[in-house]
>>> print(open('model.tsv').read())   # TSV, C-alpha atoms and all ligand atoms
chain	number	residue	atom	x	y	z
A	1	MET	CA	33.05	-63.32	29.45
A	2	GLN	CA	29.99	-63.32	27.22
A	3	THR	CA	31.00	-66.78	26.02
A	4	LEU	CA	31.34	-68.16	29.51
A	5	GLN	CA	28.08	-66.65	30.63
A	6	LYS	CA	26.16	-68.19	27.74
A	7	LEU	CA	27.25	-71.68	28.50
A	8	SER	CA	26.82	-71.36	32.23
A	9	LEU	CA	23.15	-71.98	31.25
A	10	PRO	CA	20.11	-70.92	33.32
A	11	SER	CA	18.37	-73.45	35.60
A	12	MET	CA	15.58	-73.81	33.05
A	13	GLY	CA	15.32	-73.48	29.30
A	14	CYS	CA	12.60	-73.61	26.68
A	15	GLY	CA	12.03	-76.39	24.18
A	16	THR	CA	10.88	-75.62	20.65
A	17	TRP	CA	9.89	-79.01	19.30
A	18	ALA	CA	6.37	-77.88	18.60
A	19	TRP	CA	7.68	-74.96	16.58
A	20	GLY	CA	7.56	-76.47	13.15
A	21	ASN	CA	6.29	-79.97	13.74
A	22	GLN	CA	2.92	-80.20	12.11
A	23	LEU	CA	2.60	-83.95	12.20
A	24	LEU	CA	3.47	-84.45	15.83
A	25	TRP	CA	2.19	-81.29	17.43
A	26	GLY	CA	-0.39	-79.79	15.10
A	27	TYR	CA	1.78	-76.71	14.48
A	28	ASP	CA	0.63	-74.23	11.87
A	29	GLU	CA	1.89	-70.80	10.88
A	30	SER	CA	-0.98	-69.05	12.64
A	31	MET	CA	0.80	-69.93	15.91
A	32	ASP	CA	3.90	-67.86	15.09
A	33	ASP	CA	2.86	-64.64	16.85
A	34	GLN	CA	1.99	-66.61	19.97
A	35	LEU	CA	5.32	-68.44	19.83
A	36	GLN	CA	7.16	-65.16	19.47
A	37	ALA	CA	5.33	-63.85	22.54
A	38	VAL	CA	6.43	-67.01	24.42
A	39	PHE	CA	10.01	-66.35	23.34
A	40	ASN	CA	9.89	-62.73	24.50
A	41	LEU	CA	8.33	-63.67	27.82
A	42	CYS	CA	11.01	-66.30	28.45
A	43	VAL	CA	13.98	-64.05	27.70
A	44	SER	CA	12.62	-61.13	29.72
A	45	ASN	CA	12.25	-63.54	32.65
A	46	GLY	CA	15.79	-64.87	32.41
A	47	VAL	CA	14.93	-68.09	30.57
A	48	THR	CA	17.50	-67.67	27.82
A	49	LEU	CA	18.37	-71.21	26.72
A	50	PHE	CA	16.38	-72.38	23.69
A	51	ASP	CA	16.65	-75.91	22.40
A	52	THR	CA	15.88	-76.74	18.80
A	53	GLY	CA	17.02	-79.19	16.13
A	54	ASP	CA	17.66	-79.17	12.41
A	55	SER	CA	15.02	-81.91	12.08
A	56	TYR	CA	12.33	-79.80	13.79
A	57	GLY	CA	10.10	-79.10	10.86
A	58	THR	CA	9.81	-81.49	7.98
A	59	GLY	CA	8.63	-81.33	4.36
A	60	ARG	CA	7.24	-77.89	3.59
A	61	LEU	CA	8.18	-76.79	7.09
A	62	ASN	CA	11.80	-77.91	6.78
A	63	GLY	CA	13.99	-76.08	9.30
A	64	ARG	CA	11.02	-74.01	10.49
A	65	SER	CA	11.89	-74.17	14.18
A	66	GLU	CA	15.39	-72.76	13.64
A	67	LEU	CA	14.07	-70.12	11.26
A	68	LEU	CA	11.52	-68.93	13.80
A	69	LEU	CA	13.98	-68.98	16.67
A	70	GLY	CA	16.46	-66.93	14.61
A	71	ARG	CA	13.80	-64.37	13.73
A	72	PHE	CA	12.54	-64.11	17.29
A	73	SER	CA	16.00	-63.64	18.74
A	74	GLN	CA	16.86	-60.93	16.20
A	75	GLU	CA	13.59	-59.06	16.74
A	76	TYR	CA	13.76	-59.28	20.52
A	77	VAL	CA	14.15	-55.92	22.23
A	78	GLY	CA	14.47	-55.94	25.97
A	79	SER	CA	16.65	-57.17	28.74
A	80	GLY	CA	18.61	-60.40	28.52
A	81	LYS	CA	19.17	-60.30	24.74
A	82	GLU	CA	22.92	-60.79	25.17
A	83	ASN	CA	22.30	-63.97	27.18
A	84	ILE	CA	20.20	-65.76	24.57
A	85	CYS	CA	21.76	-69.16	24.04
A	86	ILE	CA	20.63	-71.19	21.05
A	87	ALA	CA	21.20	-74.91	21.26
A	88	THR	CA	20.51	-76.93	18.16
A	89	LYS	CA	20.77	-80.64	17.52
A	90	LEU	CA	22.13	-82.04	14.29
A	91	ALA	CA	20.35	-85.19	13.17
A	92	ALA	CA	22.33	-88.31	12.40
A	93	TYR	CA	20.56	-88.72	9.05
A	94	PRO	CA	21.71	-91.79	7.10
A	95	TRP	CA	23.09	-89.55	4.36
A	96	ARG	CA	25.18	-87.63	6.87
A	97	TRP	CA	28.34	-89.51	7.75
A	98	THR	CA	31.43	-87.42	7.06
A	99	ARG	CA	32.89	-84.76	9.31
A	100	GLN	CA	32.37	-82.24	6.52
A	101	SER	CA	28.67	-83.07	6.45
A	102	MET	CA	28.40	-81.97	10.09
A	103	ILE	CA	30.15	-78.67	9.34
A	104	LYS	CA	27.80	-78.13	6.43
A	105	ALA	CA	24.77	-79.00	8.55
A	106	CYS	CA	25.77	-76.61	11.32
A	107	LYS	CA	26.40	-73.84	8.79
A	108	SER	CA	22.91	-74.43	7.37
A	109	SER	CA	21.45	-74.18	10.88
A	110	ALA	CA	23.39	-70.94	11.42
A	111	GLN	CA	22.04	-69.61	8.15
A	112	ARG	CA	18.46	-70.37	9.18
A	113	LEU	CA	19.10	-68.81	12.58
A	114	GLY	CA	20.80	-65.78	11.06
A	115	ARG	CA	23.57	-66.16	13.64
A	116	ASN	CA	26.00	-68.76	14.93
A	117	VAL	CA	24.75	-71.74	16.91
A	118	ASP	CA	25.88	-71.46	20.55
A	119	LEU	CA	25.61	-75.10	21.60
A	120	VAL	CA	25.69	-77.84	18.96
A	121	GLN	CA	24.46	-81.28	20.01
A	122	MET	CA	24.59	-84.68	18.33
A	123	HIS	CA	20.87	-85.50	18.22
A	124	TRP	CA	21.34	-89.20	18.73
A	125	SER	CA	23.93	-91.93	18.56
A	126	THR	CA	23.94	-94.34	15.62
A	127	ALA	CA	25.74	-96.93	17.80
A	128	ASN	CA	22.82	-99.36	17.91
A	129	TYR	CA	22.14	-99.60	14.19
A	130	ALA	CA	25.01	-98.09	12.15
A	131	PRO	CA	28.09	-97.91	14.38
A	132	TRP	CA	30.36	-97.17	11.42
A	133	GLN	CA	28.52	-93.88	10.85
A	134	GLU	CA	29.26	-92.29	14.18
A	135	GLY	CA	33.02	-91.64	14.03
A	136	GLY	CA	32.78	-89.08	11.23
A	137	LEU	CA	29.84	-87.32	12.85
A	138	LEU	CA	31.62	-86.95	16.18
A	139	ASP	CA	34.82	-85.77	14.48
A	140	GLY	CA	32.71	-83.15	12.74
A	141	LEU	CA	31.15	-82.08	16.02
A	142	ALA	CA	34.60	-81.56	17.51
A	143	ASP	CA	35.76	-79.73	14.34
A	144	LEU	CA	32.89	-77.27	14.78
A	145	TYR	CA	34.21	-76.38	18.21
A	146	GLU	CA	37.84	-76.17	17.09
A	147	GLN	CA	36.92	-73.95	14.17
A	148	GLY	CA	35.14	-71.55	16.51
A	149	LEU	CA	31.77	-72.08	14.82
A	150	VAL	CA	30.12	-72.95	18.16
A	151	ILE	CA	30.78	-72.12	21.81
A	152	GLY	CA	30.08	-75.61	23.14
A	153	VAL	CA	29.29	-79.18	22.13
A	154	GLY	CA	26.76	-81.55	23.62
A	155	LEU	CA	25.12	-84.92	23.09
A	156	SER	CA	21.56	-86.17	23.19
A	157	ASN	CA	20.08	-89.60	23.93
A	158	TYR	CA	23.48	-91.06	24.86
A	159	GLY	CA	23.76	-93.62	27.65
A	160	PRO	CA	26.72	-93.92	30.05
A	161	LYS	CA	28.78	-96.35	28.01
A	162	ARG	CA	28.66	-94.26	24.84
A	163	LEU	CA	29.04	-91.02	26.76
A	164	LYS	CA	32.29	-92.23	28.33
A	165	GLN	CA	33.64	-93.25	24.93
A	166	VAL	CA	32.84	-89.88	23.36
A	167	GLN	CA	34.19	-88.03	26.37
A	168	LYS	CA	37.51	-89.87	25.97
A	169	LYS	CA	37.60	-89.24	22.22
A	170	PHE	CA	36.98	-85.51	22.71
A	171	ALA	CA	39.42	-85.25	25.63
A	172	GLU	CA	42.17	-86.48	23.28
A	173	ARG	CA	41.53	-83.32	21.28
A	174	GLY	CA	41.27	-81.19	24.42
A	175	ILE	CA	37.52	-80.65	24.01
A	176	SER	CA	35.01	-80.91	26.86
A	177	ILE	CA	31.41	-81.98	26.45
A	178	SER	CA	29.20	-79.24	27.90
A	179	THR	CA	25.80	-80.94	28.01
A	180	LEU	CA	23.88	-84.17	27.65
A	181	GLN	CA	20.13	-84.13	27.06
A	182	VAL	CA	17.89	-87.08	27.81
A	183	GLN	CA	14.19	-87.67	28.36
A	184	TYR	CA	13.76	-87.00	32.07
A	185	SER	CA	10.61	-86.41	34.06
A	186	LEU	CA	8.52	-87.97	36.83
A	187	LEU	CA	7.33	-90.38	34.14
A	188	SER	CA	10.77	-91.01	32.68
A	189	THR	CA	13.25	-91.47	35.50
A	190	TYR	CA	15.13	-94.28	33.70
A	191	PRO	CA	18.13	-92.17	32.53
A	192	VAL	CA	18.91	-91.20	36.11
A	193	THR	CA	17.64	-94.06	38.27
A	194	GLN	CA	18.84	-96.86	36.02
A	195	LEU	CA	21.44	-95.45	33.67
A	196	LYS	CA	22.89	-93.29	36.51
A	197	LEU	CA	23.56	-90.51	34.06
A	198	LYS	CA	23.35	-87.68	36.60
A	199	ASP	CA	26.18	-89.15	38.67
A	200	LEU	CA	28.29	-89.68	35.59
A	201	CYS	CA	27.61	-86.18	34.26
A	202	ASP	CA	28.57	-84.68	37.62
A	203	GLU	CA	31.77	-86.67	37.58
A	204	LEU	CA	32.61	-85.50	34.04
A	205	GLY	CA	31.53	-81.89	34.56
A	206	ILE	CA	28.63	-82.19	32.08
A	207	LYS	CA	25.26	-80.47	32.56
A	208	LEU	CA	22.23	-82.70	32.23
A	209	ILE	CA	19.33	-81.24	30.23
A	210	ALA	CA	15.90	-82.80	30.87
A	211	TYR	CA	13.78	-82.95	27.73
A	212	SER	CA	10.03	-83.61	27.75
A	213	PRO	CA	9.93	-82.70	31.48
A	214	LEU	CA	6.12	-82.57	31.39
A	215	ALA	CA	5.92	-85.99	29.71
A	216	LEU	CA	4.50	-84.30	26.59
A	217	GLY	CA	1.77	-82.67	28.71
A	218	LEU	CA	0.68	-85.67	30.83
A	219	LEU	CA	2.17	-84.19	34.01
A	220	THR	CA	0.26	-80.92	33.64
A	221	GLY	CA	-2.83	-82.72	34.93
A	222	LYS	CA	-5.00	-81.39	32.11
A	223	TYR	CA	-5.37	-84.76	30.40
A	224	SER	CA	-7.50	-87.47	31.97
A	225	GLU	CA	-8.78	-90.93	31.07
A	226	GLN	CA	-12.16	-89.38	30.31
A	227	GLY	CA	-10.54	-87.22	27.62
A	228	PRO	CA	-10.43	-85.24	25.48
A	229	LEU	CA	-6.96	-86.32	24.42
A	230	PRO	CA	-4.68	-84.83	21.76
A	231	LYS	CA	-5.08	-86.15	18.23
A	232	GLY	CA	-2.77	-88.75	16.67
A	233	ILE	CA	0.10	-90.68	18.22
A	234	ARG	CA	0.24	-88.53	21.33
A	235	GLY	CA	-3.41	-89.33	22.15
A	236	LEU	CA	-2.83	-93.06	21.65
A	237	LEU	CA	0.17	-92.96	23.93
A	238	PHE	CA	-1.71	-90.97	26.59
A	239	ARG	CA	-4.60	-93.46	26.54
A	240	GLN	CA	-2.15	-96.25	27.39
A	241	ILE	CA	-0.28	-94.38	30.12
A	242	LEU	CA	-3.02	-92.48	31.98
A	243	PRO	CA	-4.61	-95.44	33.84
A	244	GLY	CA	-1.22	-96.41	35.30
A	245	MET	CA	-0.36	-92.95	36.59
A	246	ARG	CA	-3.40	-92.15	38.74
A	247	SER	CA	-1.46	-92.18	42.00
A	248	LEU	CA	1.34	-90.08	40.52
A	249	LEU	CA	-1.16	-87.47	39.35
A	250	ALA	CA	-2.84	-87.52	42.76
A	251	CYS	CA	0.51	-86.96	44.46
A	252	LEU	CA	1.42	-84.13	42.09
A	253	GLN	CA	-1.93	-82.52	42.74
A	254	GLU	CA	-1.55	-82.79	46.51
A	255	VAL	CA	1.92	-81.22	46.50
A	256	ALA	CA	0.76	-78.52	44.08
A	257	GLN	CA	-2.23	-77.63	46.26
A	258	SER	CA	-0.24	-77.45	49.46
A	259	ARG	CA	2.33	-75.23	47.72
A	260	ASN	CA	-0.19	-73.08	45.92
A	261	LYS	CA	1.51	-73.99	42.64
A	262	THR	CA	0.28	-75.85	39.58
A	263	MET	CA	1.07	-79.46	38.75
A	264	SER	CA	3.23	-78.36	35.80
A	265	GLN	CA	5.25	-76.10	38.07
A	266	VAL	CA	5.80	-78.92	40.57
A	267	ALA	CA	6.81	-81.36	37.81
A	268	ILE	CA	9.32	-78.88	36.37
A	269	ASN	CA	10.62	-77.85	39.80
A	270	TRP	CA	11.22	-81.53	40.61
A	271	CYS	CA	13.58	-81.72	37.58
A	272	ILE	CA	15.42	-78.62	38.80
A	273	CYS	CA	15.71	-80.09	42.32
A	274	LYS	CA	17.31	-83.17	40.76
A	275	GLY	CA	20.05	-80.91	39.39
A	276	THR	CA	18.94	-81.00	35.77
A	277	ILE	CA	18.02	-78.18	33.36
A	278	PRO	CA	14.44	-78.83	32.18
A	279	ILE	CA	13.40	-77.50	28.78
A	280	PRO	CA	9.58	-77.63	28.79
A	281	GLY	CA	7.89	-76.81	25.51
A	282	ALA	CA	5.23	-74.09	25.63
A	283	LYS	CA	2.76	-73.34	22.86
A	284	SER	CA	1.08	-70.30	24.37
A	285	VAL	CA	1.91	-67.35	26.56
A	286	GLU	CA	-0.26	-68.86	29.31
A	287	GLN	CA	1.74	-72.09	29.25
A	288	GLY	CA	5.02	-70.13	29.11
A	289	ARG	CA	4.02	-67.98	32.07
A	290	GLU	CA	2.95	-70.99	34.09
A	291	ASN	CA	6.18	-72.84	33.35
A	292	ILE	CA	8.31	-69.84	34.33
A	293	GLY	CA	6.49	-70.02	37.68
A	294	ALA	CA	8.51	-73.18	38.34
A	295	LEU	CA	11.46	-70.91	39.07
A	296	GLY	CA	12.36	-69.05	42.25
A	297	TRP	CA	11.34	-71.67	44.84
A	298	GLN	CA	12.22	-75.27	45.67
A	299	LEU	CA	10.37	-78.38	46.75
A	300	ASP	CA	11.59	-79.64	50.12
A	301	SER	CA	13.18	-83.05	50.65
A	302	SER	CA	10.00	-84.73	51.94
A	303	GLU	CA	8.00	-83.51	48.92
A	304	ILE	CA	10.71	-84.78	46.61
A	305	ALA	CA	10.73	-88.16	48.36
A	306	GLU	CA	6.94	-88.39	48.07
A	307	LEU	CA	7.08	-87.60	44.36
A	308	ASP	CA	9.96	-90.07	43.86
A	309	ARG	CA	7.88	-92.82	45.47
A	310	ALA	CA	4.83	-92.02	43.37
A	311	ALA	CA	6.98	-91.94	40.22
A	312	ALA	CA	8.55	-95.32	41.06
A	313	ASN	CA	5.09	-96.82	41.62
A	314	ALA	CA	3.59	-95.64	38.33
A	315	ASP	CA	2.55	-98.77	36.39
A	316	LYS	CA	3.25	-97.24	33.01
A	317	LYS	CA	6.06	-94.87	32.16
A	318	MET	CA	6.83	-92.81	29.10
A	319	VAL	CA	8.32	-94.90	26.33
A	320	GLN	CA	12.02	-94.26	26.01
A	321	ASN	CA	13.32	-92.65	22.84
A	322	ILE	CA	14.28	-95.45	20.44
A	323	PHE	CA	17.66	-93.77	19.98
A	324	GLN	CA	18.55	-93.73	23.68
A	325	THR	CA	21.69	-95.83	24.06
A	326	LYS	CA	23.07	-97.63	27.08
B	1	LIG	N1	16.71	-84.73	22.24
B	1	LIG	C1	15.59	-85.27	21.86
B	1	LIG	O1	15.57	-86.34	21.23
B	1	LIG	C2	14.29	-84.58	22.20
B	1	LIG	C3	13.07	-85.27	22.07
B	1	LIG	C4	11.89	-84.60	22.45
B	1	LIG	C5	11.95	-83.29	22.90
B	1	LIG	N2	13.13	-82.64	22.99
B	1	LIG	C6	13.22	-81.21	23.43
B	1	LIG	O2	12.50	-81.02	24.64
B	1	LIG	C7	11.54	-79.98	24.48
B	1	LIG	C8	10.34	-80.18	25.36
B	1	LIG	O3	9.83	-81.46	25.21
B	1	LIG	P1	8.37	-81.79	24.63
B	1	LIG	O4	7.80	-80.62	23.97
B	1	LIG	O5	8.55	-83.06	23.90
B	1	LIG	O6	7.55	-82.17	25.94
B	1	LIG	P2	7.10	-81.40	27.25
B	1	LIG	O7	7.90	-80.21	27.47
B	1	LIG	O8	7.07	-82.44	28.29
B	1	LIG	O9	5.57	-81.05	26.90
B	1	LIG	C9	5.28	-79.91	26.13
B	1	LIG	C10	3.78	-79.87	25.83
B	1	LIG	O10	3.01	-79.87	27.04
B	1	LIG	C11	1.95	-78.94	26.94
B	1	LIG	N3	2.24	-77.88	27.95
B	1	LIG	C12	3.42	-77.26	28.19
B	1	LIG	N4	3.32	-76.41	29.23
B	1	LIG	C13	2.05	-76.51	29.66
B	1	LIG	C14	1.34	-75.90	30.72
B	1	LIG	N5	1.93	-75.04	31.52
B	1	LIG	N6	0.04	-76.24	30.88
B	1	LIG	C15	-0.56	-77.12	30.09
B	1	LIG	N7	0.06	-77.74	29.06
B	1	LIG	C16	1.37	-77.44	28.86
B	1	LIG	C17	1.94	-78.42	25.53
B	1	LIG	O11	1.19	-79.28	24.67
B	1	LIG	P3	-0.42	-79.23	24.56
B	1	LIG	O12	-0.87	-77.85	24.84
B	1	LIG	O13	-0.71	-79.71	23.19
B	1	LIG	O14	-0.88	-80.22	25.60
B	1	LIG	C18	3.42	-78.56	25.15
B	1	LIG	O15	3.61	-78.64	23.77
B	1	LIG	C19	11.24	-80.00	22.99
B	1	LIG	O16	10.71	-78.76	22.59
B	1	LIG	C20	12.62	-80.26	22.41
B	1	LIG	O17	13.36	-79.06	22.36
B	1	LIG	C21	14.30	-83.28	22.66
>>> encode(input="model.tsv", output="structure tokens", more="lines below")
Ligand SMILES: NC(=O)c1ccc[n+]([C@@H]2O[C@H](COP(=O)([O-])OP(=O)(O)OC[C@H]3O[C@@H](n4cnc5c(N)ncnc54)[C@H](OP(=O)(O)O)[C@@H]3O)[C@@H](O)[C@H]2O)c1
Amino acid sequence: MQTLQKLSLPSMGCGTWAWGNQLLWGYDESMDDQLQAVFNLCVSNGVTLFDTGDSYGTGRLNGRSELLLGRFSQEYVGSGKENICIATKLAAYPWRWTRQSMIKACKSSAQRLGRNVDLVQMHWSTANYAPWQEGGLLDGLADLYEQGLVIGVGLSNYGPKRLKQVQKKFAERGISISTLQVQYSLLSTYPVTQLKLKDLCDELGIKLIAYSPLALGLLTGKYSEQGPLPKGIRGLLFRQILPGMRSLLACLQEVAQSRNKTMSQVAINWCICKGTIPIPGAKSVEQGRENIGALGWQLDSSEIAELDRAAANADKKMVQNIFQTK
């Protein structure tokens, strides 16, 4: 029962990319108390799915995101503890290519978490650059399920063609794929509008997880062409995209105002209305609280259509993950 409940997954989860990524997100250890407060707030509000990855945290911070998540889930006291579902992603590192290496990797994640991984996901497919590598990794993923080391298996950044192949491979061993996660937001509709992944997932009984649902923060409305913008690569990217998304931001703002919600809440709610499970990242309790406010209500069909039109008309979109396959 507990097992089934965990993988029934709530309509929204929480991403933890920032938790341990100094280079990309400016994380430092002084944020840990705040991140723990975000965790507690989420769980006590029924947001119990947490997405992480064994590559979240590099160098000195190696594995930091999983370590923090493990500590937070152990220290959590309050309602919903039994529903906490930890989803990690195992990276397809070039030195990882046997099925045993996947077992070892998942055991290392479990060690950092101080508990078993609930949902293990292949972080990306190597199909486009090292197709020979993938067979062993996928066998290992299935072994993890068969050996009872995880409750469910999922994929990330897979397109329809690859997804169908893996689904067939796993079905031969009697294993179902529980989830697929792709970059999906008002600024990244490609996986659904062009790759048609939602239809395929529905057909195969797979839940679609929407990562970066706020387009790294662009859809919150707090960043503008006048700045200030985040430091580093994110700022450079934002500078390129912002001029082409004026009408999308205006539409988001209009819907948010008429609903008495924030732009972030509308952007996240749109993902939920599309039948996906968004996993917005939050760095502070304020952001966490705001994002949780995307739950408990629904945009109506005319608002969704308006947002769809504005999204389709945006001149610049988010760049797709280089590992996203067809
Ligand atoms: N499978 C994959 O390859 C993959 C790739 C990327 C991400 N992911 C997963 O998806 C999760 C979420 O994606 P993401 O973090 O890339 O992007 P996101 O959720 O679109 O954006 C998160 C960022 O937006 C800002 N933010 C969040 N809530 C806000 C609010 N209410 N008000 C104002 N600003 C807010 C914060 O950054 P600032 O405060 O700095 O603006 C936060 O770090 C990750 O944690 C990770 O678990 C998976």
>>> closest_atom_pairs(input="model.tsv", of="chain A", to="ligand LIG 1 (chain B)", cutoff="7 Å", atoms="only C-alpha atoms and all ligand atoms", output="JSON lines")
{"residue": "A:Cys14", "atom": "CA", "partner": "B:LIG1", "partner_atom": "C7", "distance": 6.8}
{"residue": "A:Gly15", "atom": "CA", "partner": "B:LIG1", "partner_atom": "O16", "distance": 3.1}
{"residue": "A:Thr16", "atom": "CA", "partner": "B:LIG1", "partner_atom": "O16", "distance": 3.7}
{"residue": "A:Trp17", "atom": "CA", "partner": "B:LIG1", "partner_atom": "O16", "distance": 3.4}
{"residue": "A:Ala18", "atom": "CA", "partner": "B:LIG1", "partner_atom": "O15", "distance": 5.9}
{"residue": "A:Trp25", "atom": "CA", "partner": "B:LIG1", "partner_atom": "O13", "distance": 6.6}
{"residue": "A:Asp51", "atom": "CA", "partner": "B:LIG1", "partner_atom": "O17", "distance": 4.6}
{"residue": "A:Thr52", "atom": "CA", "partner": "B:LIG1", "partner_atom": "O17", "distance": 4.9}
{"residue": "A:His123", "atom": "CA", "partner": "B:LIG1", "partner_atom": "N1", "distance": 5.8}
{"residue": "A:Trp124", "atom": "CA", "partner": "B:LIG1", "partner_atom": "O1", "distance": 6.9}
{"residue": "A:Ser156", "atom": "CA", "partner": "B:LIG1", "partner_atom": "N1", "distance": 5.1}
{"residue": "A:Asn157", "atom": "CA", "partner": "B:LIG1", "partner_atom": "N1", "distance": 6.2}
{"residue": "A:Gln181", "atom": "CA", "partner": "B:LIG1", "partner_atom": "N1", "distance": 5.9}
{"residue": "A:Val182", "atom": "CA", "partner": "B:LIG1", "partner_atom": "N1", "distance": 6.2}
{"residue": "A:Gln183", "atom": "CA", "partner": "B:LIG1", "partner_atom": "C3", "distance": 6.8}
{"residue": "A:Tyr211", "atom": "CA", "partner": "B:LIG1", "partner_atom": "O2", "distance": 3.9}
{"residue": "A:Ser212", "atom": "CA", "partner": "B:LIG1", "partner_atom": "O8", "distance": 3.2}
{"residue": "A:Pro213", "atom": "CA", "partner": "B:LIG1", "partner_atom": "O8", "distance": 4.3}
{"residue": "A:Leu214", "atom": "CA", "partner": "B:LIG1", "partner_atom": "O8", "distance": 3.2}
{"residue": "A:Ala215", "atom": "CA", "partner": "B:LIG1", "partner_atom": "O8", "distance": 4.0}
{"residue": "A:Leu216", "atom": "CA", "partner": "B:LIG1", "partner_atom": "O9", "distance": 3.4}
{"residue": "A:Gly217", "atom": "CA", "partner": "B:LIG1", "partner_atom": "O10", "distance": 3.5}
{"residue": "A:Thr220", "atom": "CA", "partner": "B:LIG1", "partner_atom": "C15", "distance": 5.3}
{"residue": "A:Lys222", "atom": "CA", "partner": "B:LIG1", "partner_atom": "C15", "distance": 6.5}
{"residue": "A:Pro230", "atom": "CA", "partner": "B:LIG1", "partner_atom": "O13", "distance": 6.6}
{"residue": "A:Ser264", "atom": "CA", "partner": "B:LIG1", "partner_atom": "N5", "distance": 5.6}
{"residue": "A:Ile279", "atom": "CA", "partner": "B:LIG1", "partner_atom": "C7", "distance": 5.3}
{"residue": "A:Pro280", "atom": "CA", "partner": "B:LIG1", "partner_atom": "O7", "distance": 3.3}
{"residue": "A:Gly281", "atom": "CA", "partner": "B:LIG1", "partner_atom": "O7", "distance": 3.9}
{"residue": "A:Ala282", "atom": "CA", "partner": "B:LIG1", "partner_atom": "C12", "distance": 4.5}
{"residue": "A:Lys283", "atom": "CA", "partner": "B:LIG1", "partner_atom": "O15", "distance": 5.4}
{"residue": "A:Glu286", "atom": "CA", "partner": "B:LIG1", "partner_atom": "N5", "distance": 6.9}
{"residue": "A:Gln287", "atom": "CA", "partner": "B:LIG1", "partner_atom": "N5", "distance": 3.7}
{"residue": "A:Gly288", "atom": "CA", "partner": "B:LIG1", "partner_atom": "N5", "distance": 6.3}
{"residue": "A:Glu290", "atom": "CA", "partner": "B:LIG1", "partner_atom": "N5", "distance": 4.9}
{"residue": "A:Asn291", "atom": "CA", "partner": "B:LIG1", "partner_atom": "N5", "distance": 5.1}
{"residue": "A:Asn321", "atom": "CA", "partner": "B:LIG1", "partner_atom": "O1", "distance": 6.9}
>>> residues_around(input="model.tsv", residues="Asp118 (chain A)", least_positions_apart="4", cutoff="7 Å", atoms="only C-alpha atoms", output="JSON, numbers by chain")
{"A": [85, 86, 87, 150, 151, 152]}
>>> residues_around(input="model.tsv", residues="Cys201 (chain A)", least_positions_apart="5", cutoff="9 Å", atoms="all atoms listed in the file", output="PDB file with C-alpha atoms, in the coordinates of the input")
ATOM      1  CA  PRO A 160      26.720 -93.920  30.050  1.00  0.00           C
ATOM      2  CA  THR A 179      25.800 -80.940  28.010  1.00  0.00           C
ATOM      3  CA  LEU A 180      23.880 -84.170  27.650  1.00  0.00           C
ATOM      4  CA  LYS A 196      22.890 -93.290  36.510  1.00  0.00           C
ATOM      5  CA  ILE A 206      28.630 -82.190  32.080  1.00  0.00           C
ATOM      6  CA  LYS A 207      25.260 -80.470  32.560  1.00  0.00           C
ATOM      7  CA  LEU A 208      22.230 -82.700  32.230  1.00  0.00           C
TER       8      LEU A 208
END
>>> closest_residue(input="model.tsv", among="A:Gly78, A:Gly114, A:Gly70, A:Gly63", to="Ser44 (chain A)", atoms="only C-alpha atoms")
A:Gly78
>>> closest_residue(input="model.tsv", among="A:Leu307, A:Ala294, A:Leu149, A:Met318", to="Arg239 (chain A)", atoms="only C-alpha atoms")
A:Met318
>>> residues_around(input="model.tsv", residues="Thr48 (chain A)", least_positions_apart="6", cutoff="9 Å", atoms="only C-alpha atoms", output="PyMOL selection string")
chain A and resi 6+9-10+12-14+39+42+80-81+83-86
>>> write_last_selection(input="model.tsv", atoms="C-alpha atoms", output="compact mmCIF listing (two decimals), in the coordinates of the input")
# COMPACT_ATOMS: atom_id res chain seq x y z
CA LYS A 6 26.16 -68.19 27.74
CA LEU A 9 23.15 -71.98 31.25
CA PRO A 10 20.11 -70.92 33.32
CA MET A 12 15.58 -73.81 33.05
CA GLY A 13 15.32 -73.48 29.30
CA CYS A 14 12.60 -73.61 26.68
CA PHE A 39 10.01 -66.35 23.34
CA CYS A 42 11.01 -66.30 28.45
CA GLY A 80 18.61 -60.40 28.52
CA LYS A 81 19.17 -60.30 24.74
CA ASN A 83 22.30 -63.97 27.18
CA ILE A 84 20.20 -65.76 24.57
CA CYS A 85 21.76 -69.16 24.04
CA ILE A 86 20.63 -71.19 21.05
>>> axis_aligned_box(input="model.tsv", around="region 299-304 of chain A", padding_each_side="6 Å", output="JSON")
{"center_x": 10.6, "center_y": -81.6, "center_z": 49.3, "size_x": 17.2, "size_y": 18.4, "size_z": 17.3}
>>> atom_distance(input="model.tsv", atom1="CA of Glu75 (chain A)", atom2="CA of Gln36 (chain A)")
9.3 Å
>>> residues_around(input="model.tsv", residues="Pro131 (chain A)", least_positions_apart="4", cutoff="12 Å", atoms="only C-alpha atoms", output="PyMOL selection string")
chain A and resi 92+94+97+124-127+135-138+162+325
>>> atom_distance(input="model.tsv", atom1="CA of Gly20 (chain A)", atom2="CA of Cys106 (chain A)")
18.3 Å
